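Raw query-v2.pdb, PDB, N, CA, C and O atoms:
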```
ATOM      1  N   MET A   1     -81.288 -13.741  10.647  1.00  0.00           N
ATOM      2  CA  MET A   1     -81.289 -13.339   9.247  1.00  0.00           C
ATOM      3  C   MET A   1     -82.647 -13.591   8.598  1.00  0.00           C
ATOM      4  O   MET A   1     -82.764 -13.513   7.412  1.00  0.00           O
ATOM      5  N   GLY A   2     -83.678 -13.864   9.371  1.00  0.00           N
ATOM      6  CA  GLY A   2     -84.979 -14.175   8.815  1.00  0.00           C
ATOM      7  C   GLY A   2     -85.813 -12.956   8.495  1.00  0.00           C
ATOM      8  O   GLY A   2     -87.027 -13.022   8.555  1.00  0.00           O
ATOM      9  N   HIS A   3     -85.213 -11.844   8.169  1.00  0.00           N
ATOM     10  CA  HIS A   3     -85.958 -10.621   7.874  1.00  0.00           C
ATOM     11  C   HIS A   3     -86.492 -10.660   6.445  1.00  0.00           C
ATOM     12  O   HIS A   3     -85.828 -11.136   5.539  1.00  0.00           O
ATOM     13  N   SER A   4     -87.672 -10.112   6.273  1.00  0.00           N
ATOM     14  CA  SER A   4     -88.233 -10.012   4.930  1.00  0.00           C
ATOM     15  C   SER A   4     -87.725  -8.735   4.273  1.00  0.00           C
ATOM     16  O   SER A   4     -87.260  -7.805   4.944  1.00  0.00           O
ATOM     17  N   VAL A   5     -87.822  -8.703   2.956  1.00  0.00           N
ATOM     18  CA  VAL A   5     -87.410  -7.513   2.217  1.00  0.00           C
ATOM     19  C   VAL A   5     -88.267  -6.327   2.658  1.00  0.00           C
ATOM     20  O   VAL A   5     -87.758  -5.213   2.818  1.00  0.00           O
ATOM     21  N   GLN A   6     -89.539  -6.565   2.914  1.00  0.00           N
ATOM     22  CA  GLN A   6     -90.430  -5.492   3.338  1.00  0.00           C
ATOM     23  C   GLN A   6     -90.004  -4.918   4.684  1.00  0.00           C
ATOM     24  O   GLN A   6     -89.978  -3.699   4.869  1.00  0.00           O
ATOM     25  N   SER A   7     -89.656  -5.777   5.641  1.00  0.00           N
ATOM     26  CA  SER A   7     -89.252  -5.272   6.956  1.00  0.00           C
ATOM     27  C   SER A   7     -87.906  -4.545   6.882  1.00  0.00           C
ATOM     28  O   SER A   7     -87.690  -3.552   7.557  1.00  0.00           O
ATOM     29  N   LEU A   8     -87.007  -5.041   6.052  1.00  0.00           N
ATOM     30  CA  LEU A   8     -85.726  -4.345   5.869  1.00  0.00           C
ATOM     31  C   LEU A   8     -85.935  -2.976   5.227  1.00  0.00           C
ATOM     32  O   LEU A   8     -85.302  -1.991   5.604  1.00  0.00           O
ATOM     33  N   ALA A   9     -86.833  -2.917   4.249  1.00  0.00           N
ATOM     34  CA  ALA A   9     -87.108  -1.648   3.578  1.00  0.00           C
ATOM     35  C   ALA A   9     -87.704  -0.642   4.564  1.00  0.00           C
ATOM     36  O   ALA A   9     -87.310   0.529   4.588  1.00  0.00           O
ATOM     37  N   ALA A  10     -88.619  -1.101   5.379  1.00  0.00           N
ATOM     38  CA  ALA A  10     -89.251  -0.196   6.342  1.00  0.00           C
ATOM     39  C   ALA A  10     -88.244   0.279   7.386  1.00  0.00           C
ATOM     40  O   ALA A  10     -88.221   1.461   7.743  1.00  0.00           O
ATOM     41  N   ALA A  11     -87.400  -0.624   7.864  1.00  0.00           N
ATOM     42  CA  ALA A  11     -86.439  -0.274   8.918  1.00  0.00           C
ATOM     43  C   ALA A  11     -85.336   0.635   8.397  1.00  0.00           C
ATOM     44  O   ALA A  11     -84.792   1.451   9.145  1.00  0.00           O
ATOM     45  N   SER A  12     -84.988   0.520   7.128  1.00  0.00           N
ATOM     46  CA  SER A  12     -83.867   1.298   6.595  1.00  0.00           C
ATOM     47  C   SER A  12     -84.312   2.481   5.752  1.00  0.00           C
ATOM     48  O   SER A  12     -83.470   3.205   5.213  1.00  0.00           O
ATOM     49  N   ASN A  13     -85.606   2.658   5.593  1.00  0.00           N
ATOM     50  CA  ASN A  13     -86.149   3.759   4.805  1.00  0.00           C
ATOM     51  C   ASN A  13     -85.658   3.703   3.358  1.00  0.00           C
ATOM     52  O   ASN A  13     -85.286   4.709   2.749  1.00  0.00           O
ATOM     53  N   ILE A  14     -85.582   2.482   2.817  1.00  0.00           N
ATOM     54  CA  ILE A  14     -85.194   2.249   1.424  1.00  0.00           C
ATOM     55  C   ILE A  14     -86.338   1.480   0.775  1.00  0.00           C
ATOM     56  O   ILE A  14     -86.990   0.655   1.428  1.00  0.00           O
ATOM     57  N   SER A  15     -86.573   1.718  -0.502  1.00  0.00           N
ATOM     58  CA  SER A  15     -87.699   1.059  -1.165  1.00  0.00           C
ATOM     59  C   SER A  15     -87.437  -0.440  -1.313  1.00  0.00           C
ATOM     60  O   SER A  15     -86.296  -0.905  -1.369  1.00  0.00           O
ATOM     61  N   VAL A  16     -88.537  -1.187  -1.372  1.00  0.00           N
ATOM     62  CA  VAL A  16     -88.464  -2.636  -1.577  1.00  0.00           C
ATOM     63  C   VAL A  16     -87.766  -2.922  -2.904  1.00  0.00           C
ATOM     64  O   VAL A  16     -86.952  -3.843  -3.004  1.00  0.00           O
ATOM     65  N   GLU A  17     -88.051  -2.109  -3.912  1.00  0.00           N
ATOM     66  CA  GLU A  17     -87.444  -2.306  -5.231  1.00  0.00           C
ATOM     67  C   GLU A  17     -85.923  -2.136  -5.174  1.00  0.00           C
ATOM     68  O   GLU A  17     -85.177  -2.891  -5.794  1.00  0.00           O
ATOM     69  N   ALA A  18     -85.456  -1.146  -4.420  1.00  0.00           N
ATOM     70  CA  ALA A  18     -84.015  -0.906  -4.309  1.00  0.00           C
ATOM     71  C   ALA A  18     -83.320  -2.064  -3.597  1.00  0.00           C
ATOM     72  O   ALA A  18     -82.245  -2.514  -4.022  1.00  0.00           O
ATOM     73  N   ILE A  19     -83.934  -2.572  -2.537  1.00  0.00           N
ATOM     74  CA  ILE A  19     -83.333  -3.707  -1.822  1.00  0.00           C
ATOM     75  C   ILE A  19     -83.339  -4.956  -2.702  1.00  0.00           C
ATOM     76  O   ILE A  19     -82.350  -5.678  -2.777  1.00  0.00           O
ATOM     77  N   SER A  20     -84.447  -5.173  -3.418  1.00  0.00           N
ATOM     78  CA  SER A  20     -84.527  -6.338  -4.305  1.00  0.00           C
ATOM     79  C   SER A  20     -83.474  -6.261  -5.407  1.00  0.00           C
ATOM     80  O   SER A  20     -82.821  -7.256  -5.731  1.00  0.00           O
ATOM     81  N   ALA A  21     -83.293  -5.063  -5.971  1.00  0.00           N
ATOM     82  CA  ALA A  21     -82.284  -4.890  -7.022  1.00  0.00           C
ATOM     83  C   ALA A  21     -80.885  -5.128  -6.463  1.00  0.00           C
ATOM     84  O   ALA A  21     -80.041  -5.769  -7.116  1.00  0.00           O
ATOM     85  N   ALA A  22     -80.608  -4.640  -5.261  1.00  0.00           N
ATOM     86  CA  ALA A  22     -79.297  -4.844  -4.639  1.00  0.00           C
ATOM     87  C   ALA A  22     -79.050  -6.322  -4.360  1.00  0.00           C
ATOM     88  O   ALA A  22     -77.937  -6.822  -4.560  1.00  0.00           O
ATOM     89  N   LEU A  23     -80.081  -7.030  -3.926  1.00  0.00           N
ATOM     90  CA  LEU A  23     -79.938  -8.471  -3.670  1.00  0.00           C
ATOM     91  C   LEU A  23     -79.672  -9.240  -4.967  1.00  0.00           C
ATOM     92  O   LEU A  23     -78.830 -10.143  -4.998  1.00  0.00           O
ATOM     93  N   ARG A  24     -80.382  -8.867  -6.039  1.00  0.00           N
ATOM     94  CA  ARG A  24     -80.146  -9.537  -7.338  1.00  0.00           C
ATOM     95  C   ARG A  24     -78.727  -9.283  -7.834  1.00  0.00           C
ATOM     96  O   ARG A  24     -78.046 -10.186  -8.333  1.00  0.00           O
ATOM     97  N   LEU A  25     -78.257  -8.028  -7.696  1.00  0.00           N
ATOM     98  CA  LEU A  25     -76.904  -7.683  -8.125  1.00  0.00           C
ATOM     99  C   LEU A  25     -75.866  -8.474  -7.336  1.00  0.00           C
ATOM    100  O   LEU A  25     -74.929  -9.027  -7.904  1.00  0.00           O
ATOM    101  N   ARG A  26     -76.049  -8.543  -6.018  1.00  0.00           N
ATOM    102  CA  ARG A  26     -75.091  -9.285  -5.182  1.00  0.00           C
ATOM    103  C   ARG A  26     -75.102 -10.768  -5.528  1.00  0.00           C
ATOM    104  O   ARG A  26     -74.056 -11.414  -5.564  1.00  0.00           O
ATOM    105  N   GLU A  27     -76.273 -11.312  -5.815  1.00  0.00           N
ATOM    106  CA  GLU A  27     -76.369 -12.716  -6.200  1.00  0.00           C
ATOM    107  C   GLU A  27     -75.599 -12.962  -7.500  1.00  0.00           C
ATOM    108  O   GLU A  27     -74.861 -13.940  -7.627  1.00  0.00           O
ATOM    109  N   GLN A  28     -75.745 -12.067  -8.464  1.00  0.00           N
ATOM    110  CA  GLN A  28     -75.013 -12.195  -9.727  1.00  0.00           C
ATOM    111  C   GLN A  28     -73.507 -12.112  -9.500  1.00  0.00           C
ATOM    112  O   GLN A  28     -72.740 -12.851 -10.110  1.00  0.00           O
ATOM    113  N   GLN A  29     -73.090 -11.214  -8.617  1.00  0.00           N
ATOM    114  CA  GLN A  29     -71.659 -11.085  -8.317  1.00  0.00           C
ATOM    115  C   GLN A  29     -71.119 -12.355  -7.683  1.00  0.00           C
ATOM    116  O   GLN A  29     -70.030 -12.822  -8.033  1.00  0.00           O
ATOM    117  N   LEU A  30     -71.870 -12.927  -6.753  1.00  0.00           N
ATOM    118  CA  LEU A  30     -71.425 -14.158  -6.097  1.00  0.00           C
ATOM    119  C   LEU A  30     -71.368 -15.322  -7.078  1.00  0.00           C
ATOM    120  O   LEU A  30     -70.422 -16.110  -7.058  1.00  0.00           O
ATOM    121  N   LEU A  31     -72.365 -15.427  -7.936  1.00  0.00           N
ATOM    122  CA  LEU A  31     -72.357 -16.498  -8.935  1.00  0.00           C
ATOM    123  C   LEU A  31     -71.181 -16.344  -9.901  1.00  0.00           C
ATOM    124  O   LEU A  31     -70.525 -17.320 -10.251  1.00  0.00           O
ATOM    125  N   ALA A  32     -70.902 -15.115 -10.319  1.00  0.00           N
ATOM    126  CA  ALA A  32     -69.764 -14.866 -11.210  1.00  0.00           C
ATOM    127  C   ALA A  32     -68.458 -15.216 -10.510  1.00  0.00           C
ATOM    128  O   ALA A  32     -67.557 -15.798 -11.112  1.00  0.00           O
ATOM    129  N   SER A  33     -68.373 -14.887  -9.238  1.00  0.00           N
ATOM    130  CA  SER A  33     -67.171 -15.197  -8.471  1.00  0.00           C
ATOM    131  C   SER A  33     -66.971 -16.701  -8.351  1.00  0.00           C
ATOM    132  O   SER A  33     -65.860 -17.204  -8.499  1.00  0.00           O
ATOM    133  N   LEU A  34     -68.045 -17.438  -8.106  1.00  0.00           N
ATOM    134  CA  LEU A  34     -67.946 -18.896  -8.003  1.00  0.00           C
ATOM    135  C   LEU A  34     -67.555 -19.515  -9.337  1.00  0.00           C
ATOM    136  O   LEU A  34     -66.739 -20.431  -9.390  1.00  0.00           O
ATOM    137  N   THR A  35     -68.120 -19.013 -10.415  1.00  0.00           N
ATOM    138  CA  THR A  35     -67.791 -19.530 -11.742  1.00  0.00           C
ATOM    139  C   THR A  35     -66.330 -19.252 -12.071  1.00  0.00           C
ATOM    140  O   THR A  35     -65.622 -20.109 -12.579  1.00  0.00           O
ATOM    141  N   GLU A  36     -65.872 -18.045 -11.750  1.00  0.00           N
ATOM    142  CA  GLU A  36     -64.478 -17.667 -12.007  1.00  0.00           C
ATOM    143  C   GLU A  36     -63.527 -18.540 -11.195  1.00  0.00           C
ATOM    144  O   GLU A  36     -62.516 -18.999 -11.689  1.00  0.00           O
ATOM    145  N   THR A  37     -63.865 -18.796  -9.951  1.00  0.00           N
ATOM    146  CA  THR A  37     -63.015 -19.587  -9.069  1.00  0.00           C
ATOM    147  C   THR A  37     -62.939 -21.030  -9.546  1.00  0.00           C
ATOM    148  O   THR A  37     -61.869 -21.638  -9.540  1.00  0.00           O
ATOM    149  N   SER A  38     -64.041 -21.576 -10.006  1.00  0.00           N
ATOM    150  CA  SER A  38     -64.050 -22.984 -10.375  1.00  0.00           C
ATOM    151  C   SER A  38     -63.380 -23.238 -11.723  1.00  0.00           C
ATOM    152  O   SER A  38     -62.984 -24.355 -12.006  1.00  0.00           O
ATOM    153  N   THR A  39     -63.229 -22.216 -12.562  1.00  0.00           N
ATOM    154  CA  THR A  39     -62.607 -22.431 -13.863  1.00  0.00           C
ATOM    155  C   THR A  39     -61.147 -22.006 -13.896  1.00  0.00           C
ATOM    156  O   THR A  39     -60.480 -22.191 -14.897  1.00  0.00           O
ATOM    157  N   THR A  40     -60.648 -21.442 -12.818  1.00  0.00           N
ATOM    158  CA  THR A  40     -59.254 -21.003 -12.778  1.00  0.00           C
ATOM    159  C   THR A  40     -58.364 -22.186 -12.414  1.00  0.00           C
ATOM    160  O   THR A  40     -58.631 -22.901 -11.463  1.00  0.00           O
ATOM    161  N   THR A  41     -57.321 -22.408 -13.200  1.00  0.00           N
ATOM    162  CA  THR A  41     -56.375 -23.472 -12.894  1.00  0.00           C
ATOM    163  C   THR A  41     -54.988 -22.871 -12.731  1.00  0.00           C
ATOM    164  O   THR A  41     -54.660 -21.860 -13.343  1.00  0.00           O
ATOM    165  N   THR A  42     -54.208 -23.514 -11.924  1.00  0.00           N
ATOM    166  CA  THR A  42     -52.844 -23.063 -11.687  1.00  0.00           C
ATOM    167  C   THR A  42     -51.901 -24.174 -12.127  1.00  0.00           C
ATOM    168  O   THR A  42     -52.099 -25.329 -11.778  1.00  0.00           O
ATOM    169  N   THR A  43     -50.901 -23.810 -12.890  1.00  0.00           N
ATOM    170  CA  THR A  43     -49.903 -24.772 -13.344  1.00  0.00           C
ATOM    171  C   THR A  43     -48.568 -24.413 -12.722  1.00  0.00           C
ATOM    172  O   THR A  43     -48.132 -23.265 -12.783  1.00  0.00           O
ATOM    173  N   THR A  44     -47.943 -25.397 -12.106  1.00  0.00           N
ATOM    174  CA  THR A  44     -46.632 -25.188 -11.508  1.00  0.00           C
ATOM    175  C   THR A  44     -45.628 -26.052 -12.259  1.00  0.00           C
ATOM    176  O   THR A  44     -45.854 -27.236 -12.461  1.00  0.00           O
ATOM    177  N   THR A  45     -44.540 -25.448 -12.667  1.00  0.00           N
ATOM    178  CA  THR A  45     -43.490 -26.166 -13.374  1.00  0.00           C
ATOM    179  C   THR A  45     -42.233 -26.149 -12.523  1.00  0.00           C
ATOM    180  O   THR A  45     -41.827 -25.102 -12.039  1.00  0.00           O
ATOM    181  N   THR A  46     -41.648 -27.320 -12.352  1.00  0.00           N
ATOM    182  CA  THR A  46     -40.403 -27.427 -11.598  1.00  0.00           C
ATOM    183  C   THR A  46     -39.314 -27.912 -12.547  1.00  0.00           C
ATOM    184  O   THR A  46     -39.498 -28.885 -13.259  1.00  0.00           O
ATOM    185  N   THR A  47     -38.199 -27.219 -12.553  1.00  0.00           N
ATOM    186  CA  THR A  47     -37.061 -27.597 -13.392  1.00  0.00           C
ATOM    187  C   THR A  47     -35.918 -28.007 -12.479  1.00  0.00           C
ATOM    188  O   THR A  47     -35.562 -27.284 -11.557  1.00  0.00           O
ATOM    189  N   THR A  48     -35.373 -29.183 -12.744  1.00  0.00           N
ATOM    190  CA  THR A  48     -34.238 -29.675 -11.962  1.00  0.00           C
ATOM    191  C   THR A  48     -33.036 -29.786 -12.890  1.00  0.00           C
ATOM    192  O   THR A  48     -33.126 -30.371 -13.961  1.00  0.00           O
ATOM    193  N   THR A  49     -31.925 -29.224 -12.479  1.00  0.00           N
ATOM    194  CA  THR A  49     -30.697 -29.291 -13.263  1.00  0.00           C
ATOM    195  C   THR A  49     -29.690 -30.134 -12.493  1.00  0.00           C
ATOM    196  O   THR A  49     -29.441 -29.901 -11.315  1.00  0.00           O
ATOM    197  N   THR A  50     -29.143 -31.130 -13.171  1.00  0.00           N
ATOM    198  CA  THR A  50     -28.150 -31.995 -12.549  1.00  0.00           C
ATOM    199  C   THR A  50     -26.839 -31.833 -13.306  1.00  0.00           C
ATOM    200  O   THR A  50     -26.818 -31.903 -14.533  1.00  0.00           O
ATOM    201  N   THR A  51     -25.761 -31.619 -12.576  1.00  0.00           N
ATOM    202  CA  THR A  51     -24.446 -31.500 -13.189  1.00  0.00           C
ATOM    203  C   THR A  51     -23.711 -32.811 -12.982  1.00  0.00           C
ATOM    204  O   THR A  51     -23.543 -33.270 -11.858  1.00  0.00           O
ATOM    205  N   THR A  52     -23.317 -33.410 -14.088  1.00  0.00           N
ATOM    206  CA  THR A  52     -22.580 -34.670 -14.030  1.00  0.00           C
ATOM    207  C   THR A  52     -21.099 -34.368 -14.218  1.00  0.00           C
ATOM    208  O   THR A  52     -20.727 -33.698 -15.182  1.00  0.00           O
ATOM    209  N   PRO A  53     -20.241 -34.852 -13.303  1.00  0.00           N
ATOM    210  CA  PRO A  53     -18.817 -34.585 -13.467  1.00  0.00           C
ATOM    211  C   PRO A  53     -18.266 -35.289 -14.705  1.00  0.00           C
ATOM    212  O   PRO A  53     -18.772 -36.319 -15.131  1.00  0.00           O
ATOM    213  N   LYS A  54     -17.199 -34.716 -15.265  1.00  0.00           N
ATOM    214  CA  LYS A  54     -16.568 -35.337 -16.432  1.00  0.00           C
ATOM    215  C   LYS A  54     -15.982 -36.683 -16.010  1.00  0.00           C
ATOM    216  O   LYS A  54     -15.470 -36.822 -14.889  1.00  0.00           O
ATOM    217  N   PRO A  55     -16.024 -37.668 -16.890  1.00  0.00           N
ATOM    218  CA  PRO A  55     -15.441 -38.957 -16.533  1.00  0.00           C
ATOM    219  C   PRO A  55     -13.920 -38.830 -16.373  1.00  0.00           C
ATOM    220  O   PRO A  55     -13.268 -38.097 -17.103  1.00  0.00           O
ATOM    221  N   SER A  56     -13.399 -39.520 -15.415  1.00  0.00           N
ATOM    222  CA  SER A  56     -11.939 -39.450 -15.214  1.00  0.00           C
ATOM    223  C   SER A  56     -11.249 -40.323 -16.248  1.00  0.00           C
ATOM    224  O   SER A  56     -11.728 -41.393 -16.601  1.00  0.00           O
ATOM    225  N   ARG A  57     -10.108 -39.840 -16.684  1.00  0.00           N
ATOM    226  CA  ARG A  57      -9.332 -40.620 -17.664  1.00  0.00           C
ATOM    227  C   ARG A  57      -8.368 -41.510 -16.905  1.00  0.00           C
ATOM    228  O   ARG A  57      -7.799 -41.101 -15.886  1.00  0.00           O
ATOM    229  N   PRO A  58      -8.187 -42.712 -17.394  1.00  0.00           N
ATOM    230  CA  PRO A  58      -7.204 -43.574 -16.715  1.00  0.00           C
ATOM    231  C   PRO A  58      -5.804 -42.970 -16.870  1.00  0.00           C
ATOM    232  O   PRO A  58      -5.533 -42.275 -17.840  1.00  0.00           O
ATOM    233  N   PRO A  59      -4.950 -43.185 -15.902  1.00  0.00           N
ATOM    234  CA  PRO A  59      -3.605 -42.611 -15.997  1.00  0.00           C
ATOM    235  C   PRO A  59      -2.868 -43.157 -17.225  1.00  0.00           C
ATOM    236  O   PRO A  59      -3.048 -44.290 -17.629  1.00  0.00           O
ATOM    237  N   THR A  60      -2.065 -42.302 -17.822  1.00  0.00           N
ATOM    238  CA  THR A  60      -1.268 -42.745 -18.970  1.00  0.00           C
ATOM    239  C   THR A  60      -0.045 -43.503 -18.453  1.00  0.00           C
ATOM    240  O   THR A  60       0.617 -43.064 -17.518  1.00  0.00           O
ATOM    241  N   VAL A  61       0.156 -44.616 -19.079  1.00  0.00           N
ATOM    242  CA  VAL A  61       1.311 -45.449 -18.678  1.00  0.00           C
ATOM    243  C   VAL A  61       2.406 -45.211 -19.702  1.00  0.00           C
ATOM    244  O   VAL A  61       2.220 -45.401 -20.885  1.00  0.00           O
ATOM    245  N   LYS A  62       3.587 -44.786 -19.217  1.00  0.00           N
ATOM    246  CA  LYS A  62       4.731 -44.590 -20.105  1.00  0.00           C
ATOM    247  C   LYS A  62       5.579 -45.848 -20.050  1.00  0.00           C
ATOM    248  O   LYS A  62       5.872 -46.359 -18.981  1.00  0.00           O
ATOM    249  N   GLU A  63       5.963 -46.317 -21.194  1.00  0.00           N
ATOM    250  CA  GLU A  63       6.796 -47.518 -21.223  1.00  0.00           C
ATOM    251  C   GLU A  63       8.207 -47.201 -21.573  1.00  0.00           C
ATOM    252  O   GLU A  63       8.621 -46.324 -22.166  1.00  0.00           O
TER     253      GLU A  63
END
```
What does the file become when written as structure tokens?
Amino acid sequence: MGHSVQSLAAASNISVEAISAALRLREQQLLASLTETSTTTTTTTTTTTTTTPKPSRPPTVKE
């Protein structure tokens, strides 16, 4: 990956200015992506429902 912008431009028949502009744009995209990733938070909420049985009544004693 040690190619210079000049050698890439010559090999691909693209101007140095076009390659430099593309590199700057990609750098901005990567920086924006990193900033977006680092500021995004996720919140998870868990709800637990417990059903308690009705209390039993003591038996009625008839006298």
Expressed in Å to a single decimal, how great is the separation between atom N of Ala10 in chain A and CA of Ala32 in chain A? 28.6 Å
CA of Val16 in chain A to CA of His3 in chain A measures 12.6 Å
All file atoms of range 13-23 of chain A boxed axis-aligned, 8 Å per side, centre plus edges, as lines of an AutoDock Vina configuration file:
```
center_x = -83.2
center_y = -2.7
center_z = -0.8
size_x = 26.6
size_y = 30.9
size_z = 28.7
```
Find the distance between CA of Gln29 in chain A and CA of Ala9 in chain A and write it in Å to one decimal.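 The value is 21.7 Å.
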Report as a ChimeraX atom specification: the residues of chain A with a DSSP assignment of alpha helix (DSSP H), based on the backbone of this structure. /A:5-12,16-39
Give me chain A from this structure - C-alpha atoms, as a PDB file, in the first residue's frame.
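Output file decode-v3.pdb follows:
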```
ATOM      1  CA  MET A   1       0.000   0.000   0.000  1.00  0.00           C
ATOM      2  CA  GLY A   2       3.031   2.296  -0.212  1.00  0.00           C
ATOM      3  CA  HIS A   3       1.965   3.854  -3.517  1.00  0.00           C
ATOM      4  CA  SER A   4       2.121   7.592  -3.972  1.00  0.00           C
ATOM      5  CA  VAL A   5      -0.794   9.594  -5.305  1.00  0.00           C
ATOM      6  CA  GLN A   6       1.328  10.417  -8.351  1.00  0.00           C
ATOM      7  CA  SER A   7       2.032   6.760  -9.160  1.00  0.00           C
ATOM      8  CA  LEU A   8      -1.626   5.833  -8.678  1.00  0.00           C
ATOM      9  CA  ALA A   9      -2.680   8.683 -10.958  1.00  0.00           C
ATOM     10  CA  ALA A  10      -0.247   7.616 -13.656  1.00  0.00           C
ATOM     11  CA  ALA A  11      -1.208   3.933 -13.431  1.00  0.00           C
ATOM     12  CA  SER A  12      -4.954   4.601 -13.498  1.00  0.00           C
ATOM     13  CA  ASN A  13      -4.969   7.500 -15.961  1.00  0.00           C
ATOM     14  CA  ILE A  14      -6.737   9.721 -13.399  1.00  0.00           C
ATOM     15  CA  SER A  15      -5.527  13.165 -12.366  1.00  0.00           C
ATOM     16  CA  VAL A  16      -3.674  13.675  -9.093  1.00  0.00           C
ATOM     17  CA  GLU A  17      -6.343  16.215  -8.128  1.00  0.00           C
ATOM     18  CA  ALA A  18      -9.155  13.685  -8.640  1.00  0.00           C
ATOM     19  CA  ILE A  19      -7.415  11.041  -6.524  1.00  0.00           C
ATOM     20  CA  SER A  20      -6.625  13.593  -3.807  1.00  0.00           C
ATOM     21  CA  ALA A  21     -10.250  14.760  -3.754  1.00  0.00           C
ATOM     22  CA  ALA A  22     -11.490  11.152  -3.540  1.00  0.00           C
ATOM     23  CA  LEU A  23      -9.106  10.441  -0.657  1.00  0.00           C
ATOM     24  CA  ARG A  24     -10.267  13.561   1.228  1.00  0.00           C
ATOM     25  CA  LEU A  25     -13.922  12.597   0.695  1.00  0.00           C
ATOM     26  CA  ARG A  26     -13.326   9.041   1.927  1.00  0.00           C
ATOM     27  CA  GLU A  27     -11.461  10.354   4.965  1.00  0.00           C
ATOM     28  CA  GLN A  28     -14.408  12.619   5.820  1.00  0.00           C
ATOM     29  CA  GLN A  29     -16.816   9.700   5.423  1.00  0.00           C
ATOM     30  CA  LEU A  30     -14.743   7.504   7.727  1.00  0.00           C
ATOM     31  CA  LEU A  31     -14.442  10.232  10.347  1.00  0.00           C
ATOM     32  CA  ALA A  32     -18.205  10.853  10.219  1.00  0.00           C
ATOM     33  CA  SER A  33     -18.818   7.133  10.568  1.00  0.00           C
ATOM     34  CA  LEU A  34     -16.538   6.909  13.610  1.00  0.00           C
ATOM     35  CA  THR A  35     -18.188   9.922  15.225  1.00  0.00           C
ATOM     36  CA  GLU A  36     -21.654   8.482  14.568  1.00  0.00           C
ATOM     37  CA  THR A  37     -20.661   5.097  15.987  1.00  0.00           C
ATOM     38  CA  SER A  38     -19.136   6.524  19.143  1.00  0.00           C
ATOM     39  CA  THR A  39     -22.147   8.711  19.985  1.00  0.00           C
ATOM     40  CA  THR A  40     -24.833   6.087  19.382  1.00  0.00           C
ATOM     41  CA  THR A  41     -26.191   4.466  22.531  1.00  0.00           C
ATOM     42  CA  THR A  42     -28.561   1.576  22.884  1.00  0.00           C
ATOM     43  CA  THR A  43     -30.998   1.266  25.762  1.00  0.00           C
ATOM     44  CA  THR A  44     -32.540  -2.068  26.629  1.00  0.00           C
ATOM     45  CA  THR A  45     -35.520  -2.261  28.951  1.00  0.00           C
ATOM     46  CA  THR A  46     -36.617  -5.503  30.554  1.00  0.00           C
ATOM     47  CA  THR A  47     -40.037  -5.810  32.175  1.00  0.00           C
ATOM     48  CA  THR A  48     -40.770  -8.673  34.542  1.00  0.00           C
ATOM     49  CA  THR A  49     -44.329  -9.465  35.582  1.00  0.00           C
ATOM     50  CA  THR A  50     -44.939 -11.620  38.630  1.00  0.00           C
ATOM     51  CA  THR A  51     -48.356 -13.047  39.443  1.00  0.00           C
ATOM     52  CA  THR A  52     -48.986 -13.561  43.128  1.00  0.00           C
ATOM     53  CA  PRO A  53     -51.718 -16.057  44.016  1.00  0.00           C
ATOM     54  CA  LYS A  54     -54.605 -14.832  46.156  1.00  0.00           C
ATOM     55  CA  PRO A  55     -54.125 -15.599  49.840  1.00  0.00           C
ATOM     56  CA  SER A  56     -56.066 -18.627  50.982  1.00  0.00           C
ATOM     57  CA  ARG A  57     -58.827 -18.056  53.476  1.00  0.00           C
ATOM     58  CA  PRO A  58     -58.898 -20.199  56.567  1.00  0.00           C
ATOM     59  CA  PRO A  59     -61.770 -22.678  56.561  1.00  0.00           C
ATOM     60  CA  THR A  60     -64.972 -21.452  58.161  1.00  0.00           C
ATOM     61  CA  VAL A  61     -65.808 -23.270  61.331  1.00  0.00           C
ATOM     62  CA  LYS A  62     -69.518 -23.858  61.932  1.00  0.00           C
ATOM     63  CA  GLU A  63     -70.531 -24.231  65.528  1.00  0.00           C
TER      64      GLU A  63
END
```
